[in-house]
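Engineer: Handing over protein.cif, mmCIF, C-alpha atoms.
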data_run
#
loop_
_atom_site.label_atom_id
_atom_site.label_comp_id
_atom_site.auth_asym_id
_atom_site.auth_seq_id
_atom_site.Cartn_x
_atom_site.Cartn_y
_atom_site.Cartn_z
CA MET A 66 3.72 -16.68 -27.16
CA LYS A 67 0.13 -15.43 -26.87
CA ASN A 68 -2.71 -17.23 -28.58
CA ARG A 69 -4.18 -14.62 -30.92
CA SER A 70 -6.83 -16.88 -32.44
CA ASN A 71 -9.47 -15.44 -30.12
CA PRO A 72 -8.77 -11.71 -29.75
CA ARG A 73 -11.85 -11.04 -27.59
CA SER A 74 -11.27 -11.40 -23.88
CA GLY A 75 -14.87 -12.26 -23.13
CA LYS A 76 -15.52 -8.83 -21.68
CA HIS A 77 -18.16 -6.64 -23.25
CA THR A 78 -16.73 -3.78 -25.24
CA THR A 79 -18.34 -0.73 -26.74
CA ASP A 80 -18.01 -2.36 -30.16
CA ALA A 81 -19.98 -5.37 -28.98
CA ARG A 82 -22.69 -3.16 -27.50
CA ALA A 83 -22.91 -1.08 -30.69
CA VAL A 84 -23.53 -4.17 -32.79
CA ASN A 85 -26.05 -5.58 -30.32
CA ALA A 86 -27.92 -2.26 -30.10
CA PHE A 87 -29.68 -3.09 -33.37
CA THR A 88 -31.23 -6.42 -32.40
CA ARG A 89 -34.95 -6.94 -31.77
CA SER A 90 -34.48 -7.36 -28.03
CA ALA A 91 -32.27 -4.28 -27.72
CA LEU A 92 -34.87 -2.13 -29.48
CA SER A 93 -37.59 -3.22 -27.10
CA SER A 94 -35.50 -2.65 -23.97
CA ASP A 95 -33.84 0.66 -24.91
CA LEU A 96 -36.34 3.25 -26.08
CA THR A 97 -33.94 6.17 -26.50
CA TRP A 98 -34.70 5.98 -30.24
CA LEU A 99 -38.21 7.39 -29.78
CA PRO A 100 -38.68 10.92 -31.15
CA ASP A 101 -38.69 13.64 -28.49
CA MET A 102 -42.24 14.91 -28.86
CA MET A 103 -41.91 17.41 -26.05
CA THR A 104 -39.65 19.58 -28.25
CA VAL A 105 -42.65 20.13 -30.54
CA GLY A 106 -45.07 20.68 -27.65
CA ASN A 107 -46.63 17.22 -27.61
CA PRO A 108 -46.68 14.61 -24.83
CA PRO A 109 -44.18 11.74 -25.03
CA LEU A 110 -45.12 8.70 -27.10
CA THR A 111 -44.80 5.06 -26.25
CA ALA A 112 -42.97 2.86 -28.73
CA GLU A 113 -46.23 1.19 -29.74
CA ALA A 114 -48.03 4.52 -30.25
CA TYR A 115 -45.17 5.88 -32.38
CA ILE A 116 -44.89 2.78 -34.54
CA GLN A 117 -48.65 2.55 -35.11
CA ALA A 118 -48.88 6.28 -35.91
CA TYR A 119 -46.08 5.90 -38.47
CA LEU A 120 -47.66 2.84 -40.06
CA VAL A 121 -51.06 4.56 -40.32
CA ASP A 122 -49.70 7.82 -41.78
CA PRO A 123 -46.04 7.68 -42.84
CA GLY A 124 -46.42 11.02 -44.62
CA GLU A 125 -47.17 12.71 -41.31
CA TRP A 126 -44.19 11.08 -39.61
CA TYR A 127 -41.61 11.17 -42.44
CA TRP A 128 -39.57 13.77 -40.51
CA SER A 129 -38.84 11.25 -37.77
CA THR A 130 -36.76 9.08 -40.12
CA LEU A 131 -34.84 11.83 -41.92
CA LEU A 132 -31.13 11.71 -41.32
CA LEU A 133 -31.00 15.52 -41.14
CA HIS A 134 -32.56 15.69 -37.68
CA ASP A 135 -31.14 12.75 -35.74
CA PRO A 136 -28.00 10.58 -35.91
CA SER A 137 -28.16 7.60 -38.27
CA GLU A 138 -27.93 5.22 -35.29
CA ILE A 139 -31.19 6.58 -33.83
CA VAL A 140 -32.92 6.67 -37.22
CA LEU A 141 -31.92 3.08 -37.95
CA LYS A 142 -33.37 1.95 -34.63
CA ARG A 143 -36.66 3.70 -35.48
CA VAL A 144 -36.71 2.16 -38.94
CA LEU A 145 -36.06 -1.34 -37.61
CA ALA A 146 -38.72 -0.97 -34.90
CA ILE A 147 -41.29 0.13 -37.47
CA ILE A 148 -40.40 -2.64 -39.92
CA GLU A 149 -40.62 -5.20 -37.10
CA GLN A 150 -44.29 -4.27 -36.55
CA ALA A 151 -45.26 -3.69 -40.19
CA GLN A 152 -47.48 -6.18 -41.97
CA LEU A 153 -48.04 -6.79 -45.65
CA PRO A 154 -50.17 -6.02 -47.54
CA GLY A 155 -51.41 -3.14 -45.38
CA HIS A 156 -48.21 -1.19 -44.78
CA GLU A 157 -46.62 -0.98 -48.23
CA LYS A 158 -46.57 2.82 -48.19
CA ALA A 159 -44.69 3.00 -44.89
CA LEU A 160 -42.27 0.23 -45.88
CA GLY A 161 -41.67 1.81 -49.27
CA GLN A 162 -40.92 5.15 -47.66
CA LEU A 163 -38.48 3.54 -45.22
CA GLY A 164 -36.72 1.65 -48.01
CA ALA A 165 -36.46 4.48 -50.53
CA GLY A 166 -35.61 6.96 -47.77
CA PRO A 167 -33.47 6.13 -44.75
CA LEU A 168 -32.45 2.58 -45.73
CA GLU A 169 -31.31 3.79 -49.13
CA ASP A 170 -29.47 6.73 -47.55
CA MET A 171 -27.73 4.43 -45.07
CA MET A 172 -26.97 1.58 -47.49
CA SER A 173 -23.45 0.43 -46.67
CA GLU A 174 -21.45 -2.49 -45.37
CA GLU A 175 -22.17 -1.17 -41.87
CA LEU A 176 -25.93 -1.29 -42.45
CA LEU A 177 -25.71 -4.84 -43.76
CA ASP A 178 -23.63 -5.78 -40.71
CA HIS A 179 -26.50 -4.55 -38.50
CA LEU A 180 -29.10 -6.32 -40.62
CA GLN A 181 -27.31 -9.67 -40.09
CA HIS A 182 -29.15 -9.79 -36.75
CA TRP A 183 -32.49 -9.74 -38.61
CA LEU A 184 -31.90 -12.82 -40.78
CA PRO A 185 -33.88 -14.45 -42.12
CA PHE A 186 -35.68 -11.33 -43.30
CA THR A 187 -39.40 -11.01 -42.71
CA PRO A 188 -41.62 -10.18 -45.69
CA ALA A 189 -41.83 -6.59 -44.40
CA MET A 190 -38.02 -6.25 -44.25
CA ARG A 191 -37.69 -7.75 -47.72
CA TYR A 192 -40.26 -5.31 -49.09
CA ALA A 193 -38.50 -2.30 -47.54
CA LEU A 194 -35.07 -3.40 -48.76
CA ASN A 195 -36.43 -4.04 -52.25
CA GLN A 196 -37.28 -0.32 -52.43
CA VAL A 197 -33.60 0.62 -52.10
CA ARG A 198 -31.98 1.58 -55.42
CA MET A 199 -29.08 -0.84 -55.38
CA ASP A 200 -27.96 -0.20 -58.96
CA VAL A 201 -25.98 2.82 -57.75
CA GLU A 202 -24.20 0.82 -55.04
CA PRO A 203 -20.89 -1.04 -55.47
CA LEU A 204 -21.26 -4.52 -56.94
CA ALA A 205 -19.89 -6.17 -53.78
CA LEU A 206 -22.61 -4.51 -51.70
CA GLN A 207 -25.29 -5.57 -54.17
CA GLN A 208 -24.04 -9.15 -54.06
CA ARG A 209 -23.91 -9.18 -50.28
CA LEU A 210 -27.51 -7.98 -49.98
CA ASN A 211 -28.64 -10.53 -52.57
CA ALA A 212 -26.92 -13.29 -50.58
CA MET A 213 -28.75 -12.10 -47.46
CA PHE A 214 -32.08 -12.35 -49.30
CA LEU A 215 -31.33 -16.02 -50.00
CA ARG A 216 -31.02 -16.91 -46.32
#
Here is a file; write its structure as structure tokens.

Structural biologist:
Amino acid sequence: MKNRSNPRSGKHTTDARAVNAFTRSALSSDLTWLPDMMTVGNPPLTAEAYIQAYLVDPGEWYWSTLLLHDPSEIVLKRVLAIIEQAQLPGHEKALGQLGAGPLEDMMSEELLDHLQHWLPFTPAMRYALNQVRMDVEPLALQQRLNAMFLR
């Protein structure tokens, strides 16, 4: 009889990579989440230049975190990279836009699974997540996010 208590064989699977793709180290080593500036006739941006430009003027860069243009996986990576560099009190506008925009649009069990890698939350992450309207979400999701805030 097989021991089924540990279903993972130890080999990396696509599921494992997908979960790990949203960690701090993965974001810094895989820059495929950067917006393709060449499609709009501009030179490519570095991660640092993009993040700083967003933090300085989120209104100018709002399009880069809309779910209409890029897959949610790419948008989430951008959002996490921006939040990682954001500082309070100076970046409330950018953090508020990220919370009330893409984080709210993506709010789900899957998003909270990805955010597990970011615990304990930084003040910037807390601020962004506090901008999400949770009163429209299922009670279980609200409770899970509240539990994450307590860690």

Engineer: Can you build me a table of region 136-175 of chain A residues sitting at most 9 Å from region 109-119 of chain A, with the closest atom pair per residue and its distance in Å to one decimal, using all atoms listed in the file, sorted by chain and residue number, as a Markdown table?

Structural biologist:
| residue | atom | partner | partner_atom | distance |
| --- | --- | --- | --- | --- |
| A:Arg143 | CA | A:Ile116 | CA | 8.3 |
| A:Ala146 | CA | A:Ile116 | CA | 7.2 |
| A:Ile147 | CA | A:Ile116 | CA | 5.3 |
| A:Ile148 | CA | A:Ile116 | CA | 8.9 |
| A:Gln150 | CA | A:Ile116 | CA | 7.4 |
| A:Ala151 | CA | A:Ile116 | CA | 8.6 |
| A:Ala159 | CA | A:Tyr119 | CA | 7.2 |

Engineer: Rounded to one decimal place, report the CA of Ser94 (chain A)-CA of Trp183 (chain A) distance in Å.

Structural biologist: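 Between CA of Ser94 (chain A) and CA of Trp183 (chain A) the gap works out to 16.5 Å.
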
Engineer: How close does each residue of region 83-166 of chain A get to region 170-178 of chain A, giving the shortest atom pair and distance in Å to one decimal for every residue with an atom at most 8 Å away, counting only C-alpha atoms, sorted by chain and residue number, as a Markdown table?

Structural biologist:
| residue | atom | partner | partner_atom | distance |
| --- | --- | --- | --- | --- |
| A:Ser137 | CA | A:Met171 | CA | 7.5 |
| A:Ala165 | CA | A:Asp170 | CA | 7.9 |
| A:Gly166 | CA | A:Asp170 | CA | 6.1 |

Engineer: With C-alpha atoms kept, could you save the residues just selected as a compact mmCIF listing (two decimals), in the frame of the given file?

Structural biologist:
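Written out: result.txt:
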# COMPACT_ATOMS: atom_id res chain seq x y z
CA SER A 137 -28.16 7.60 -38.27
CA ALA A 165 -36.46 4.48 -50.53
CA GLY A 166 -35.61 6.96 -47.77

Engineer: Running the PyMOL selection byres ((chain A and resi 87) around 9) on this model by hand, what would come out? Give it as a PDB file with C-alpha atoms, keeping the file's coordinate frame.

Structural biologist:
ATOM      1  CA  ALA A  83     -22.910  -1.080 -30.690  1.00  0.00           C
ATOM      2  CA  VAL A  84     -23.530  -4.170 -32.790  1.00  0.00           C
ATOM      3  CA  ASN A  85     -26.050  -5.580 -30.320  1.00  0.00           C
ATOM      4  CA  ALA A  86     -27.920  -2.260 -30.100  1.00  0.00           C
ATOM      5  CA  THR A  88     -31.230  -6.420 -32.400  1.00  0.00           C
ATOM      6  CA  ARG A  89     -34.950  -6.940 -31.770  1.00  0.00           C
ATOM      7  CA  SER A  90     -34.480  -7.360 -28.030  1.00  0.00           C
ATOM      8  CA  ALA A  91     -32.270  -4.280 -27.720  1.00  0.00           C
ATOM      9  CA  LEU A  92     -34.870  -2.130 -29.480  1.00  0.00           C
ATOM     10  CA  GLU A 138     -27.930   5.220 -35.290  1.00  0.00           C
ATOM     11  CA  LEU A 141     -31.920   3.080 -37.950  1.00  0.00           C
ATOM     12  CA  LYS A 142     -33.370   1.950 -34.630  1.00  0.00           C
ATOM     13  CA  LEU A 145     -36.060  -1.340 -37.610  1.00  0.00           C
ATOM     14  CA  HIS A 179     -26.500  -4.550 -38.500  1.00  0.00           C
ATOM     15  CA  LEU A 180     -29.100  -6.320 -40.620  1.00  0.00           C
ATOM     16  CA  HIS A 182     -29.150  -9.790 -36.750  1.00  0.00           C
ATOM     17  CA  TRP A 183     -32.490  -9.740 -38.610  1.00  0.00           C
TER      18      TRP A 183
END

Engineer: Tell me which of A:Val197, A:Met190, A:Leu204, A:Leu99 sits closest to Leu168 (chain A), counting all atoms listed in the file.

Structural biologist: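 Closest to Leu168 (chain A), using all atoms listed in the file: A:Val197.
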
Engineer: Enumerate, as a PDB file with C-alpha atoms, in the frame of the given file, the residues matched when the PyMOL selection byres ((chain A and resi 158) around 12) is run on the file above.

Structural biologist:
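Saved to part-v9.pdb:
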ATOM      1  CA  TYR A 119     -46.080   5.900 -38.470  1.00  0.00           C
ATOM      2  CA  LEU A 120     -47.660   2.840 -40.060  1.00  0.00           C
ATOM      3  CA  VAL A 121     -51.060   4.560 -40.320  1.00  0.00           C
ATOM      4  CA  ASP A 122     -49.700   7.820 -41.780  1.00  0.00           C
ATOM      5  CA  PRO A 123     -46.040   7.680 -42.840  1.00  0.00           C
ATOM      6  CA  GLY A 124     -46.420  11.020 -44.620  1.00  0.00           C
ATOM      7  CA  TYR A 127     -41.610  11.170 -42.440  1.00  0.00           C
ATOM      8  CA  ILE A 148     -40.400  -2.640 -39.920  1.00  0.00           C
ATOM      9  CA  ALA A 151     -45.260  -3.690 -40.190  1.00  0.00           C
ATOM     10  CA  GLN A 152     -47.480  -6.180 -41.970  1.00  0.00           C
ATOM     11  CA  LEU A 153     -48.040  -6.790 -45.650  1.00  0.00           C
ATOM     12  CA  PRO A 154     -50.170  -6.020 -47.540  1.00  0.00           C
ATOM     13  CA  GLY A 155     -51.410  -3.140 -45.380  1.00  0.00           C
ATOM     14  CA  HIS A 156     -48.210  -1.190 -44.780  1.00  0.00           C
ATOM     15  CA  GLU A 157     -46.620  -0.980 -48.230  1.00  0.00           C
ATOM     16  CA  ALA A 159     -44.690   3.000 -44.890  1.00  0.00           C
ATOM     17  CA  LEU A 160     -42.270   0.230 -45.880  1.00  0.00           C
ATOM     18  CA  GLY A 161     -41.670   1.810 -49.270  1.00  0.00           C
ATOM     19  CA  GLN A 162     -40.920   5.150 -47.660  1.00  0.00           C
ATOM     20  CA  LEU A 163     -38.480   3.540 -45.220  1.00  0.00           C
ATOM     21  CA  GLY A 164     -36.720   1.650 -48.010  1.00  0.00           C
ATOM     22  CA  ALA A 165     -36.460   4.480 -50.530  1.00  0.00           C
ATOM     23  CA  GLY A 166     -35.610   6.960 -47.770  1.00  0.00           C
ATOM     24  CA  ALA A 189     -41.830  -6.590 -44.400  1.00  0.00           C
ATOM     25  CA  TYR A 192     -40.260  -5.310 -49.090  1.00  0.00           C
ATOM     26  CA  ALA A 193     -38.500  -2.300 -47.540  1.00  0.00           C
ATOM     27  CA  GLN A 196     -37.280  -0.320 -52.430  1.00  0.00           C
TER      28      GLN A 196
END

Engineer: Considering only C-alpha atoms, state which residue in the set A:Asn195, A:Gln208, A:Thr187, A:Gln181 is at the smallest distance from Glu169 (chain A).

Structural biologist: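 Residue with the minimum atom-to-atom distance to Glu169 (chain A): A:Asn195.
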
Engineer: What's the separation between CA of Met213 (chain A) and CA of Phe186 (chain A), in Å to one decimal place?

Structural biologist: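 Calculated distance between CA of Met213 (chain A) and CA of Phe186 (chain A) is 8.1 Å.
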
Engineer: Tell me, in Å to one decimal, how far CA of Pro203 (chain A) is from CA of Leu215 (chain A).

Structural biologist: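 Going from CA of Pro203 (chain A) over to CA of Leu215 (chain A) covers 19.1 Å.
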